[in-house]
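Undergrad: Provided below: final19.cif, containing mmCIF, C-alpha atoms and all ligand atoms.
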data_start
loop_
_atom_site.label_atom_id
_atom_site.label_comp_id
_atom_site.auth_asym_id
_atom_site.auth_seq_id
_atom_site.Cartn_x
_atom_site.Cartn_y
_atom_site.Cartn_z
CA MET F 1 63.75 110.88 99.68
CA ALA F 2 67.32 109.86 100.51
CA LEU F 3 69.23 107.76 97.99
CA GLY F 4 69.86 104.18 99.09
CA ILE F 5 73.55 103.26 99.03
CA GLY F 6 74.87 99.70 99.04
CA VAL F 7 78.46 99.04 100.09
CA ILE F 8 80.32 95.95 98.88
CA GLY F 9 83.24 95.15 101.16
CA ALA F 10 83.15 95.82 104.90
CA GLY F 11 86.91 96.08 105.41
CA ILE F 12 88.85 99.25 106.26
CA MET F 13 87.58 101.43 103.41
CA GLY F 14 84.08 99.96 103.22
CA ALA F 15 83.55 100.58 106.94
CA ASP F 16 84.99 104.08 106.59
CA HIS F 17 82.59 104.94 103.73
CA VAL F 18 79.65 103.57 105.72
CA ALA F 19 80.59 105.77 108.68
CA THR F 20 81.08 108.86 106.50
CA ILE F 21 77.77 108.45 104.70
CA SER F 22 75.94 107.87 107.98
CA THR F 23 77.41 110.87 109.75
CA ALA F 24 78.48 113.47 107.22
CA ILE F 25 76.62 113.09 103.92
CA SER F 26 73.24 114.59 103.12
CA GLY F 27 70.72 113.06 100.73
CA ALA F 28 71.86 109.46 101.11
CA GLU F 29 71.72 106.60 103.58
CA VAL F 30 73.41 103.21 103.71
CA ARG F 31 70.77 100.53 103.15
CA ALA F 32 72.80 97.39 102.41
CA ILE F 33 76.23 95.94 103.06
CA ALA F 34 77.74 92.76 101.63
CA ASP F 35 81.06 91.16 102.41
CA ILE F 36 82.76 87.87 101.71
CA ASP F 37 82.59 87.44 105.49
CA PRO F 38 78.85 87.67 106.41
CA LYS F 39 79.64 88.34 110.08
CA ARG F 40 81.71 91.37 109.18
CA ALA F 41 78.86 92.67 106.99
CA GLU F 42 76.41 92.17 109.87
CA LEU F 43 78.70 93.93 112.33
CA ILE F 44 79.06 97.03 110.12
CA ALA F 45 75.32 97.00 109.27
CA SER F 46 74.42 96.80 112.96
CA ARG F 47 76.03 100.22 113.47
CA VAL F 48 73.68 101.92 110.98
CA PRO F 49 69.95 102.19 111.69
CA GLY F 50 67.99 100.84 108.71
CA ALA F 51 70.94 99.10 107.04
CA LYS F 52 70.99 95.36 106.53
CA ALA F 53 73.62 92.81 105.59
CA LEU F 54 72.89 91.02 102.31
CA PRO F 55 74.21 87.56 101.46
CA SER F 56 76.13 88.52 98.31
CA ALA F 57 77.43 91.43 96.27
CA GLU F 58 75.17 90.35 93.41
CA SER F 59 72.03 90.51 95.59
CA LEU F 60 73.09 93.95 96.80
CA ILE F 61 73.52 95.26 93.25
CA GLU F 62 70.11 93.87 92.28
CA SER F 63 68.34 95.14 95.41
CA PRO F 64 65.58 97.67 94.59
CA GLU F 65 66.52 99.53 97.78
CA VAL F 66 69.97 100.29 96.42
CA ASP F 67 70.26 103.30 94.09
CA GLY F 68 74.05 103.55 94.05
CA VAL F 69 76.82 101.07 94.80
CA ILE F 70 80.20 101.58 96.45
CA ILE F 71 82.77 98.87 95.75
CA ALA F 72 85.41 98.55 98.46
CA SER F 73 86.06 94.83 98.24
CA ASN F 74 89.28 93.04 97.32
CA ASP F 75 90.90 94.62 94.21
CA ALA F 76 90.60 91.38 92.24
CA THR F 77 86.78 91.52 92.52
CA HIS F 78 86.32 95.13 91.35
CA ALA F 79 85.80 94.48 87.64
CA GLN F 80 83.12 91.82 88.06
CA TYR F 81 81.06 94.01 90.40
CA VAL F 82 81.47 97.13 88.27
CA ILE F 83 80.28 95.12 85.26
CA ALA F 84 77.25 93.88 87.23
CA CYS F 85 76.43 97.51 88.17
CA ILE F 86 76.60 98.58 84.52
CA ALA F 87 74.31 95.68 83.58
CA ALA F 88 71.84 96.81 86.28
CA ARG F 89 72.30 100.47 85.19
CA LYS F 90 73.27 101.46 88.73
CA PRO F 91 75.74 104.27 89.43
CA VAL F 92 78.90 102.87 90.98
CA LEU F 93 81.79 104.39 92.91
CA CYS F 94 84.62 101.86 92.73
CA GLU F 95 87.62 102.18 95.02
CA LYS F 96 90.90 102.30 93.13
CA PRO F 97 92.12 100.40 91.21
CA LEU F 98 89.20 100.19 88.80
CA ALA F 99 90.63 96.76 88.04
CA PRO F 100 94.06 95.24 88.46
CA THR F 101 94.52 94.59 84.73
CA VAL F 102 94.31 96.84 81.69
CA ALA F 103 92.22 94.22 79.87
CA GLU F 104 89.51 94.33 82.58
CA CYS F 105 89.44 98.15 82.45
CA GLU F 106 89.00 97.96 78.66
CA ARG F 107 86.08 95.60 79.10
CA ILE F 108 84.45 97.96 81.59
CA LEU F 109 84.88 100.92 79.24
CA SER F 110 83.41 99.00 76.30
CA LEU F 111 80.39 97.87 78.34
CA GLU F 112 79.81 101.36 79.70
CA GLN F 113 79.92 102.72 76.14
CA ALA F 114 77.47 100.04 75.00
CA ALA F 115 75.14 100.91 77.91
CA GLY F 116 75.07 104.48 76.59
CA ALA F 117 75.53 106.05 80.03
CA ARG F 118 78.56 107.03 82.05
CA LEU F 119 77.93 105.11 85.27
CA VAL F 120 81.37 104.50 86.76
CA GLN F 121 83.30 106.79 89.08
CA VAL F 122 86.70 105.73 90.47
CA GLY F 123 87.74 106.45 94.06
CA PHE F 124 90.81 108.60 93.41
CA MET F 125 89.86 110.78 96.36
CA ARG F 126 92.86 113.10 96.19
CA ARG F 127 91.05 115.04 93.45
CA PHE F 128 88.66 116.15 96.21
CA ASP F 129 91.33 117.01 98.78
CA PRO F 130 91.21 120.79 99.43
CA GLY F 131 95.02 120.98 99.24
CA TYR F 132 95.33 119.32 95.84
CA VAL F 133 92.33 121.25 94.53
CA GLU F 134 93.95 124.57 95.49
CA LEU F 135 97.36 123.46 94.15
CA ARG F 136 95.76 122.74 90.79
CA GLN F 137 93.77 125.98 90.71
CA ARG F 138 96.81 128.11 91.53
CA ILE F 139 98.99 126.34 88.96
CA THR F 140 96.27 126.75 86.33
CA SER F 141 96.02 130.46 87.18
CA GLY F 142 99.70 130.81 86.25
CA GLU F 143 100.93 131.73 89.74
CA VAL F 144 104.24 129.84 89.37
CA GLY F 145 104.54 129.94 85.60
CA THR F 146 104.61 126.75 83.55
CA PRO F 147 104.93 123.79 85.94
CA ILE F 148 107.99 121.71 85.05
CA LEU F 149 108.74 119.43 88.02
CA ALA F 150 107.08 117.91 91.07
CA HIS F 151 108.55 116.27 94.14
CA CYS F 152 106.10 113.86 95.74
CA VAL F 153 106.55 111.89 98.95
CA HIS F 154 104.14 109.07 99.81
CA ARG F 155 104.88 107.22 103.03
CA ASN F 156 102.86 104.63 104.93
CA VAL F 157 103.69 103.55 108.48
CA ASP F 158 103.64 99.90 107.45
CA VAL F 159 101.94 97.50 105.05
CA PRO F 160 100.43 94.05 105.56
CA ALA F 161 102.45 90.85 105.14
CA GLY F 162 102.56 89.70 101.52
CA TRP F 163 102.74 93.27 100.15
CA THR F 164 105.16 93.32 97.18
CA SER F 165 106.91 95.96 95.07
CA GLU F 166 104.05 95.59 92.58
CA THR F 167 101.46 96.23 95.32
CA THR F 168 103.18 99.53 96.13
CA VAL F 169 102.75 100.58 92.50
CA PHE F 170 99.08 99.59 92.26
CA SER F 171 97.93 100.60 95.74
CA SER F 172 100.11 103.59 96.55
CA ALA F 173 101.77 105.07 93.43
CA SER F 174 98.43 104.86 91.61
CA HIS F 175 97.35 107.98 93.54
CA GLU F 176 100.20 110.14 92.17
CA ILE F 177 99.72 108.44 88.79
CA ASP F 178 96.16 109.78 88.82
CA VAL F 179 96.45 113.10 90.60
CA MET F 180 99.63 114.57 89.15
CA PRO F 181 98.50 114.54 85.50
CA TRP F 182 95.25 116.10 86.78
CA VAL F 183 97.19 118.82 88.63
CA PHE F 184 99.42 119.50 85.59
CA GLY F 185 96.67 119.01 82.99
CA ARG F 186 98.91 116.65 80.99
CA ASP F 187 99.06 112.89 80.47
CA VAL F 188 101.96 110.61 81.45
CA ILE F 189 103.93 109.51 78.39
CA ARG F 190 106.95 107.68 79.88
CA VAL F 191 107.90 106.18 83.24
CA ASN F 192 111.05 105.00 84.98
CA TRP F 193 111.33 102.94 88.16
CA PHE F 194 114.22 102.80 90.66
CA SER F 195 114.91 101.39 94.10
CA PRO F 196 117.96 101.38 96.32
CA THR F 197 116.96 97.84 97.42
CA PRO F 198 117.63 94.90 95.10
CA LEU F 199 114.60 93.59 93.21
CA THR F 200 113.63 90.00 93.94
CA ALA F 201 110.43 88.31 92.75
CA GLY F 202 107.56 88.42 95.23
CA SER F 203 109.37 90.64 97.73
CA LEU F 204 109.06 94.32 98.59
CA CYS F 205 111.59 96.93 97.45
CA ASP F 206 111.17 99.80 99.86
CA PRO F 207 111.56 102.68 99.20
CA GLN F 208 110.91 102.96 95.49
CA VAL F 209 111.17 105.98 93.22
CA VAL F 210 108.91 106.32 90.21
CA ILE F 211 109.58 109.06 87.67
CA LEU F 212 106.63 110.04 85.52
CA GLU F 213 107.35 112.06 82.40
CA LEU F 214 104.37 114.14 81.26
CA GLU F 215 103.56 115.47 77.82
CA GLY F 216 105.63 118.56 77.21
CA GLY F 217 108.51 117.20 79.27
CA ALA F 218 107.49 117.87 82.92
CA LEU F 219 108.90 115.37 85.42
CA ILE F 220 107.23 113.98 88.55
CA PHE F 221 109.55 112.38 91.13
CA ASP F 222 107.51 110.10 93.37
CA GLU F 223 109.12 108.57 96.46
CA LEU F 224 107.11 105.65 97.84
CA PHE F 225 108.21 104.43 101.25
CA VAL F 226 105.52 102.15 102.61
CA ARG F 227 107.37 100.88 105.68
CA SER F 228 108.56 104.27 106.87
CA GLY F 229 107.61 103.33 110.42
CA TYR F 230 106.94 106.89 111.63
CA GLY F 231 103.60 108.07 110.21
CA TYR F 232 101.43 108.49 107.12
CA GLU F 233 102.85 111.40 105.21
CA ILE F 234 102.00 112.88 101.82
CA ARG F 235 104.03 115.74 100.37
CA CYS F 236 103.85 117.43 97.02
CA GLU F 237 105.85 120.39 95.78
CA VAL F 238 105.37 121.64 92.24
CA VAL F 239 108.16 123.65 90.64
CA GLY F 240 107.15 126.15 87.98
CA ARG F 241 109.27 128.44 85.81
CA THR F 242 108.69 131.39 88.16
CA GLY F 243 108.13 129.83 91.59
CA THR F 244 107.11 126.78 93.57
CA ILE F 245 103.93 125.76 95.32
CA GLU F 246 103.39 122.89 97.74
CA LEU F 247 100.86 121.23 100.02
CA ALA F 248 101.12 122.66 103.54
CA PRO F 249 101.56 120.31 106.51
CA ILE F 250 98.12 119.31 107.73
CA ALA F 251 98.58 118.98 111.48
CA ARG F 252 96.33 121.48 113.29
CA VAL F 253 98.51 121.68 116.35
CA VAL F 254 102.22 122.33 116.86
CA GLY F 255 103.73 121.32 120.20
CA ARG F 256 106.86 122.72 121.81
CA SER F 257 108.44 120.82 124.68
CA GLY F 258 111.64 119.11 125.70
CA LEU F 259 113.70 121.40 123.43
CA LYS F 260 111.70 120.23 120.39
CA VAL F 261 108.92 121.41 118.08
CA SER F 262 106.51 118.64 117.07
CA GLN F 263 103.47 117.92 114.91
CA ASP F 264 101.44 114.69 114.81
CA PHE F 265 101.13 112.43 111.77
CA PRO F 266 97.98 110.40 111.17
CA PRO F 267 98.52 106.64 111.30
CA ASP F 268 97.01 106.16 107.84
CA TRP F 269 95.22 107.76 104.88
CA ARG F 270 91.75 107.81 106.45
CA GLY F 271 92.68 110.67 108.77
CA ARG F 272 94.81 112.51 106.22
CA PHE F 273 92.15 112.36 103.52
CA ALA F 274 88.96 112.38 105.64
CA GLU F 275 87.73 115.63 104.10
CA ALA F 276 88.60 114.39 100.60
CA TYR F 277 86.52 111.24 101.17
CA ARG F 278 83.63 113.31 102.50
CA ARG F 279 83.67 115.63 99.47
CA GLU F 280 84.07 112.71 97.09
CA LEU F 281 80.99 110.98 98.53
CA GLN F 282 78.85 114.12 98.71
CA THR F 283 79.75 115.07 95.13
CA TRP F 284 78.90 111.57 93.91
CA VAL F 285 75.57 111.52 95.77
CA ASN F 286 74.69 114.94 94.32
CA ALA F 287 75.59 113.72 90.81
CA ILE F 288 73.32 110.67 91.18
CA SER F 289 70.46 112.87 92.39
CA ARG F 290 70.81 115.25 89.42
CA TRP F 291 70.94 112.28 87.03
CA ARG F 292 67.86 110.65 88.53
CA LEU F 293 65.97 113.91 88.18
CA GLY F 294 66.93 113.96 84.50
CA ASN F 295 69.05 117.06 84.98
CA VAL F 296 72.09 115.75 83.07
CA GLU F 297 72.66 114.04 79.74
CA SER F 298 73.80 110.44 79.60
CA ALA F 299 77.19 111.62 78.32
CA VAL F 300 77.66 113.14 81.79
CA GLY F 301 75.79 110.51 83.78
CA PRO F 302 75.89 110.10 87.56
CA VAL F 303 79.62 110.86 87.63
CA ASP F 304 81.37 113.96 88.92
CA GLY F 305 85.02 113.10 89.37
CA PRO F 306 87.50 110.57 88.03
CA ASP F 307 85.71 108.19 85.65
CA ALA F 308 86.32 104.81 84.04
CA TRP F 309 88.68 106.39 81.51
CA ASP F 310 90.80 107.77 84.36
CA GLY F 311 90.81 104.32 85.98
CA TYR F 312 91.89 102.78 82.67
CA ARG F 313 94.60 105.37 82.11
CA ALA F 314 95.96 104.82 85.66
CA ALA F 315 96.00 101.04 85.12
CA ILE F 316 98.01 101.50 81.91
CA VAL F 317 100.55 103.78 83.58
CA ALA F 318 100.86 101.42 86.59
CA GLN F 319 101.36 98.49 84.21
CA THR F 320 104.05 100.47 82.39
CA VAL F 321 105.80 101.13 85.71
CA LEU F 322 105.91 97.35 86.24
CA ILE F 323 107.53 96.97 82.81
CA SER F 324 110.19 99.49 83.79
CA MET F 325 110.62 97.66 87.12
CA SER F 326 111.17 94.26 85.50
CA GLN F 327 113.16 95.37 82.44
CA GLY F 328 115.07 98.33 83.86
CA GLY F 329 115.11 101.74 82.20
CA PRO F 330 112.34 103.91 80.80
CA ALA F 331 109.09 102.47 79.45
CA VAL F 332 106.65 104.21 77.10
CA VAL F 333 102.96 104.50 78.04
CA GLU F 334 101.17 105.51 74.85
CA SER F 335 101.63 102.25 72.97
CA MET F 336 99.25 100.56 75.44
CA VAL F 337 96.26 102.87 74.93
CA SER F 338 93.60 101.30 72.70
CA PRO F 339 93.01 103.68 69.73
CA GLU F 340 89.48 102.30 69.36
CA LEU F 341 88.58 103.07 72.99
CA TYR F 342 90.26 106.44 72.72
CA ARG F 343 88.06 107.27 69.74
CA LEU F 344 84.93 106.05 71.52
CA CYS F 345 85.55 107.60 74.93
CA ARG F 346 87.71 110.63 74.39
CA SER F 347 87.07 112.13 71.03
CA GLY F 348 85.74 115.58 71.79
CA ALA F 349 86.48 115.18 75.52
CA SER F 350 87.46 118.38 77.24
CA GLU F 351 88.77 118.96 80.72
C1 LIG F 401 96.27 102.58 100.57
O1 LIG F 401 95.75 101.42 100.02
C2 LIG F 401 95.61 103.76 99.97
O2 LIG F 401 94.83 103.71 99.06
C3 LIG F 401 96.13 105.04 100.43
O3 LIG F 401 95.43 106.11 99.89
C4 LIG F 401 97.59 105.09 100.02
O4 LIG F 401 98.13 106.33 100.36
C5 LIG F 401 98.35 103.98 100.71
O5 LIG F 401 99.71 104.04 100.35
C6 LIG F 401 97.77 102.64 100.31
O6 LIG F 401 98.41 101.65 101.07
#
Hey, can you dump this file as structure tokens for me?

TA:
Amino acid sequence: MALGIGVIGAGIMGADHVATISTAISGAEVRAIADIDPKRAELIASRVPGAKALPSAESLIESPEVDGVIIASNDATHAQYVIACIAARKPVLCEKPLAPTVAECERILSLEQAAGARLVQVGFMRRFDPGYVELRQRITSGEVGTPILAHCVHRNVDVPAGWTSETTVFSSASHEIDVMPWVFGRDVIRVNWFSPTPLTAGSLCDPQVVILELEGGALIFDELFVRSGYGYEIRCEVVGRTGTIELAPIARVVGRSGLKVSQDFPPDWRGRFAEAYRRELQTWVNAISRWRLGNVESAVGPVDGPDAWDGYRAAIVAQTVLISMSQGGPAVVESMVSPELYRLCRSGASE
């Protein structure tokens, strides 16, 4: 029987996950949707046969029809819903960030440890993108020698009113903060933030450049330009000691006319990462099914992808970027990691 999925948050990402599960995922169906705006929940539910809108996130988590929960609500609500899922022992896929503060991520990790089961997966979908997966495999195979640098470009067409320099770090840079250490197989130890636009409280510096220094000295240069105006574009070139390797452009069609060659850009991340989202969801559904059949130990749990530790680690690095932003100059990451949580969650961990 198909797994019942409940989706909290019927905004852009919630609606996208509902559509993907309903059209492209096997072994699962959307059974419940909850949103702060009940009409929006009803509208999205009305598009899926068998799905219903529930009056609250809490009732959705408790619902016996829901076997796994996707959290795609406002970032500030993530921690409370993840904690409710752990209390109900329900597998949860939480959109990034796991929580906006390091303290909330620590609480989630402690509760998950106390529950004795790994239940939380974090929606860093780039780890499922075929391009990043191949980049990582080929680097690991030694094709370009030891990787020492990466040039990343992350551009949005535009961002909503009220978006600040800090939002760019948490909502956009958090992807490179997660995926680049995964590609290199090394943690971030130091960060440095720059912008050609003057920093003023509550406003948006655009573009920004974040430099991540990894263990062993590799450097990641991340350009974040969220009001680029022209298209959603993600680039990543990794420089190794004996060569370079980069993500290829993703447009399927190249046009030639009017003395120009052209390729289309998607308007946002949903088109660019559609296959990554599909693989992320299918992998998560498969992991829940294996777990429910008793085919994995609780140390593995219904998680196959970035977990609560990865969400915690990303929150710490993002927080350290904000320190660099406000104080100027490099800021060190390691001092923020809780030794107690490290011992509990990572001792003996292997990649
Ligand atoms: C957005 O919130 C996302 O999560 C996208 O993946 C990211 O690329 C974009 O910059 C953010 O605005």

Undergrad: For Ala218 of chain F, which of F:Leu199, F:Val183, F:Val332, F:Leu259 is the closest residue, counting all atoms listed in the file?

TA: F:Val183

Undergrad: Just want the 6 Å neighbourhood of segment 267-269 of chain F, counted on all atoms listed in the file, with same-chain residues fewer than 3 positions away dropped. Output as a list in words.

TA: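 Once the adjacent positions are removed, what remains is Gly231, Tyr232, Arg272 and Phe273 of chain F.
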
Undergrad: For Ile61 of chain F, list every protein, DNA or RNA residue within 10 Å, evaluated using all atoms listed in the file, and leave out those in the same chain fewer than 6 positions away; present the list as a PDB file with C-alpha atoms, in the coordinates of the input.

TA:
ATOM      1  CA  ILE F   5      73.550 103.260  99.030  1.00  0.00           C
ATOM      2  CA  GLY F   6      74.870  99.700  99.040  1.00  0.00           C
ATOM      3  CA  VAL F   7      78.460  99.040 100.090  1.00  0.00           C
ATOM      4  CA  ILE F   8      80.320  95.950  98.880  1.00  0.00           C
ATOM      5  CA  ALA F  32      72.800  97.390 102.410  1.00  0.00           C
ATOM      6  CA  ALA F  34      77.740  92.760 101.630  1.00  0.00           C
ATOM      7  CA  ASP F  67      70.260 103.300  94.090  1.00  0.00           C
ATOM      8  CA  GLY F  68      74.050 103.550  94.050  1.00  0.00           C
ATOM      9  CA  VAL F  69      76.820 101.070  94.800  1.00  0.00           C
ATOM     10  CA  ILE F  70      80.200 101.580  96.450  1.00  0.00           C
ATOM     11  CA  TYR F  81      81.060  94.010  90.400  1.00  0.00           C
ATOM     12  CA  VAL F  82      81.470  97.130  88.270  1.00  0.00           C
ATOM     13  CA  ALA F  84      77.250  93.880  87.230  1.00  0.00           C
ATOM     14  CA  CYS F  85      76.430  97.510  88.170  1.00  0.00           C
ATOM     15  CA  ILE F  86      76.600  98.580  84.520  1.00  0.00           C
ATOM     16  CA  ALA F  87      74.310  95.680  83.580  1.00  0.00           C
ATOM     17  CA  ALA F  88      71.840  96.810  86.280  1.00  0.00           C
ATOM     18  CA  ARG F  89      72.300 100.470  85.190  1.00  0.00           C
ATOM     19  CA  LYS F  90      73.270 101.460  88.730  1.00  0.00           C
ATOM     20  CA  VAL F  92      78.900 102.870  90.980  1.00  0.00           C
TER      21      VAL F  92
END

Undergrad: Just want the residues within 6 Å of ligand LIG 401 (chain F), written as a PyMOL selection string, counting all atoms listed in the file.

TA: chain F and resi 156+171-172+269

Undergrad: Counting only C-alpha atoms, which residue out of F:Arg279, F:His154, F:Arg290, F:Arg252 sits closest to Met125 of chain F?

TA: F:Arg279

Undergrad: Which one of F:Asp307, F:Glu106, F:Asp16, F:Glu62 sits closest to Glu340 of chain F if you count only C-alpha atoms?

TA: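 Comparing F:Asp307, F:Glu106, F:Asp16, F:Glu62 against Glu340 of chain F, the winner is F:Glu106.
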
Undergrad: Calculated over all atoms listed in the file, which of the candidates F:Leu322, F:Ile288, F:Ala161, F:Ala99 has the smallest distance to Trp193 of chain F?

TA: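 Looking at the shortest contact to Trp193 of chain F, the residue is F:Leu322.
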
Undergrad: Could you name the residues that touch segment 112-119 of chain F at 7 Å or less, counting all atoms listed in the file, but leaving out those on the same chain fewer than 3 positions away, as a VMD selection string?

TA: chain F and resid 86 90 to 92 108 to 109 298 to 303

Undergrad: Which residues are close to Ile44 of chain F, i.e. within 10 Å by all atoms listed in the file, leaving aside same-chain residues fewer than 6 positions away? Reply as a list in words.

TA: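 Non-adjacent residues within range: Ala10, Gly11, Gly14, Ala15, Asp16, Val18, Ala19, Ala32, Ile33, Ala34, Asp35, Ala51, Lys52 and Ala53 of chain F.
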
Undergrad: Kindly save the residues from that selection, with C-alpha atoms included, as a PDB file, keeping the file's coordinate frame.

TA:
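The result, stored in selection30.pdb:
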ATOM      1  CA  ALA F  10      83.150  95.820 104.900  1.00  0.00           C
ATOM      2  CA  GLY F  11      86.910  96.080 105.410  1.00  0.00           C
ATOM      3  CA  GLY F  14      84.080  99.960 103.220  1.00  0.00           C
ATOM      4  CA  ALA F  15      83.550 100.580 106.940  1.00  0.00           C
ATOM      5  CA  ASP F  16      84.990 104.080 106.590  1.00  0.00           C
ATOM      6  CA  VAL F  18      79.650 103.570 105.720  1.00  0.00           C
ATOM      7  CA  ALA F  19      80.590 105.770 108.680  1.00  0.00           C
ATOM      8  CA  ALA F  32      72.800  97.390 102.410  1.00  0.00           C
ATOM      9  CA  ILE F  33      76.230  95.940 103.060  1.00  0.00           C
ATOM     10  CA  ALA F  34      77.740  92.760 101.630  1.00  0.00           C
ATOM     11  CA  ASP F  35      81.060  91.160 102.410  1.00  0.00           C
ATOM     12  CA  ALA F  51      70.940  99.100 107.040  1.00  0.00           C
ATOM     13  CA  LYS F  52      70.990  95.360 106.530  1.00  0.00           C
ATOM     14  CA  ALA F  53      73.620  92.810 105.590  1.00  0.00           C
TER      15      ALA F  53
END

Undergrad: At a cut-off of 7 Å around the point (106.6, 106.6, 89.3) (file coordinates), what residues fall inside when counting all atoms listed in the file? I'd like the answer as a PDB file with C-alpha atoms, in the frame of the given file.

TA:
ATOM      1  CA  ALA F 173     101.770 105.070  93.430  1.00  0.00           C
ATOM      2  CA  VAL F 191     107.900 106.180  83.240  1.00  0.00           C
ATOM      3  CA  ASN F 192     111.050 105.000  84.980  1.00  0.00           C
ATOM      4  CA  TRP F 193     111.330 102.940  88.160  1.00  0.00           C
ATOM      5  CA  VAL F 209     111.170 105.980  93.220  1.00  0.00           C
ATOM      6  CA  VAL F 210     108.910 106.320  90.210  1.00  0.00           C
ATOM      7  CA  ILE F 211     109.580 109.060  87.670  1.00  0.00           C
ATOM      8  CA  LEU F 212     106.630 110.040  85.520  1.00  0.00           C
ATOM      9  CA  PHE F 221     109.550 112.380  91.130  1.00  0.00           C
ATOM     10  CA  ASP F 222     107.510 110.100  93.370  1.00  0.00           C
ATOM     11  CA  VAL F 321     105.800 101.130  85.710  1.00  0.00           C
TER      12      VAL F 321
END

Undergrad: Since the input has fewer atoms than a full residue there, write segment 342-347 of chain F out with all heavy atoms, as a compact mmCIF listing (two decimals), in the frame of the given file.

TA:
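Written file, rebuild.txt:
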# COMPACT_ATOMS: atom_id res chain seq x y z
N TYR F 342 89.98 105.01 72.67
CA TYR F 342 90.26 106.44 72.72
C TYR F 342 89.24 107.18 71.86
O TYR F 342 88.67 108.19 72.27
CB TYR F 342 91.69 106.74 72.24
CG TYR F 342 92.06 108.18 72.44
CD1 TYR F 342 92.56 108.61 73.67
CD2 TYR F 342 91.85 109.13 71.45
CE1 TYR F 342 92.86 109.95 73.88
CE2 TYR F 342 92.14 110.46 71.66
CZ TYR F 342 92.65 110.86 72.88
OH TYR F 342 92.92 112.19 73.10
N ARG F 343 89.01 106.64 70.66
CA ARG F 343 88.06 107.27 69.74
C ARG F 343 86.66 107.30 70.37
O ARG F 343 85.98 108.32 70.37
CB ARG F 343 88.06 106.49 68.41
CG ARG F 343 87.34 107.19 67.27
CD ARG F 343 87.31 106.33 66.02
NE ARG F 343 86.71 105.02 66.21
CZ ARG F 343 85.41 104.78 66.39
NH1 ARG F 343 84.56 105.78 66.41
NH2 ARG F 343 84.95 103.55 66.56
N LEU F 344 86.28 106.14 70.95
CA LEU F 344 84.93 106.05 71.52
C LEU F 344 84.74 106.96 72.74
O LEU F 344 83.72 107.62 72.90
CB LEU F 344 84.65 104.61 71.98
CG LEU F 344 84.20 103.61 70.93
CD1 LEU F 344 84.15 102.23 71.55
CD2 LEU F 344 82.81 104.02 70.42
N CYS F 345 85.74 106.94 73.63
CA CYS F 345 85.55 107.60 74.93
C CYS F 345 86.06 109.02 74.97
O CYS F 345 85.61 109.83 75.78
CB CYS F 345 86.24 106.83 76.04
SG CYS F 345 85.85 105.11 76.12
N ARG F 346 87.07 109.34 74.18
CA ARG F 346 87.71 110.63 74.39
C ARG F 346 87.60 111.62 73.26
O ARG F 346 87.95 112.77 73.45
CB ARG F 346 89.22 110.42 74.67
CG ARG F 346 89.49 109.60 75.87
CD ARG F 346 88.85 110.17 77.09
NE ARG F 346 89.59 111.21 77.73
CZ ARG F 346 89.21 111.83 78.85
NH1 ARG F 346 88.07 111.51 79.41
NH2 ARG F 346 89.94 112.78 79.38
N SER F 347 87.12 111.15 72.10
CA SER F 347 87.07 112.13 71.03
C SER F 347 86.09 113.23 71.44
O SER F 347 84.97 112.96 71.85
CB SER F 347 86.64 111.49 69.70
OG SER F 347 85.49 110.73 69.92
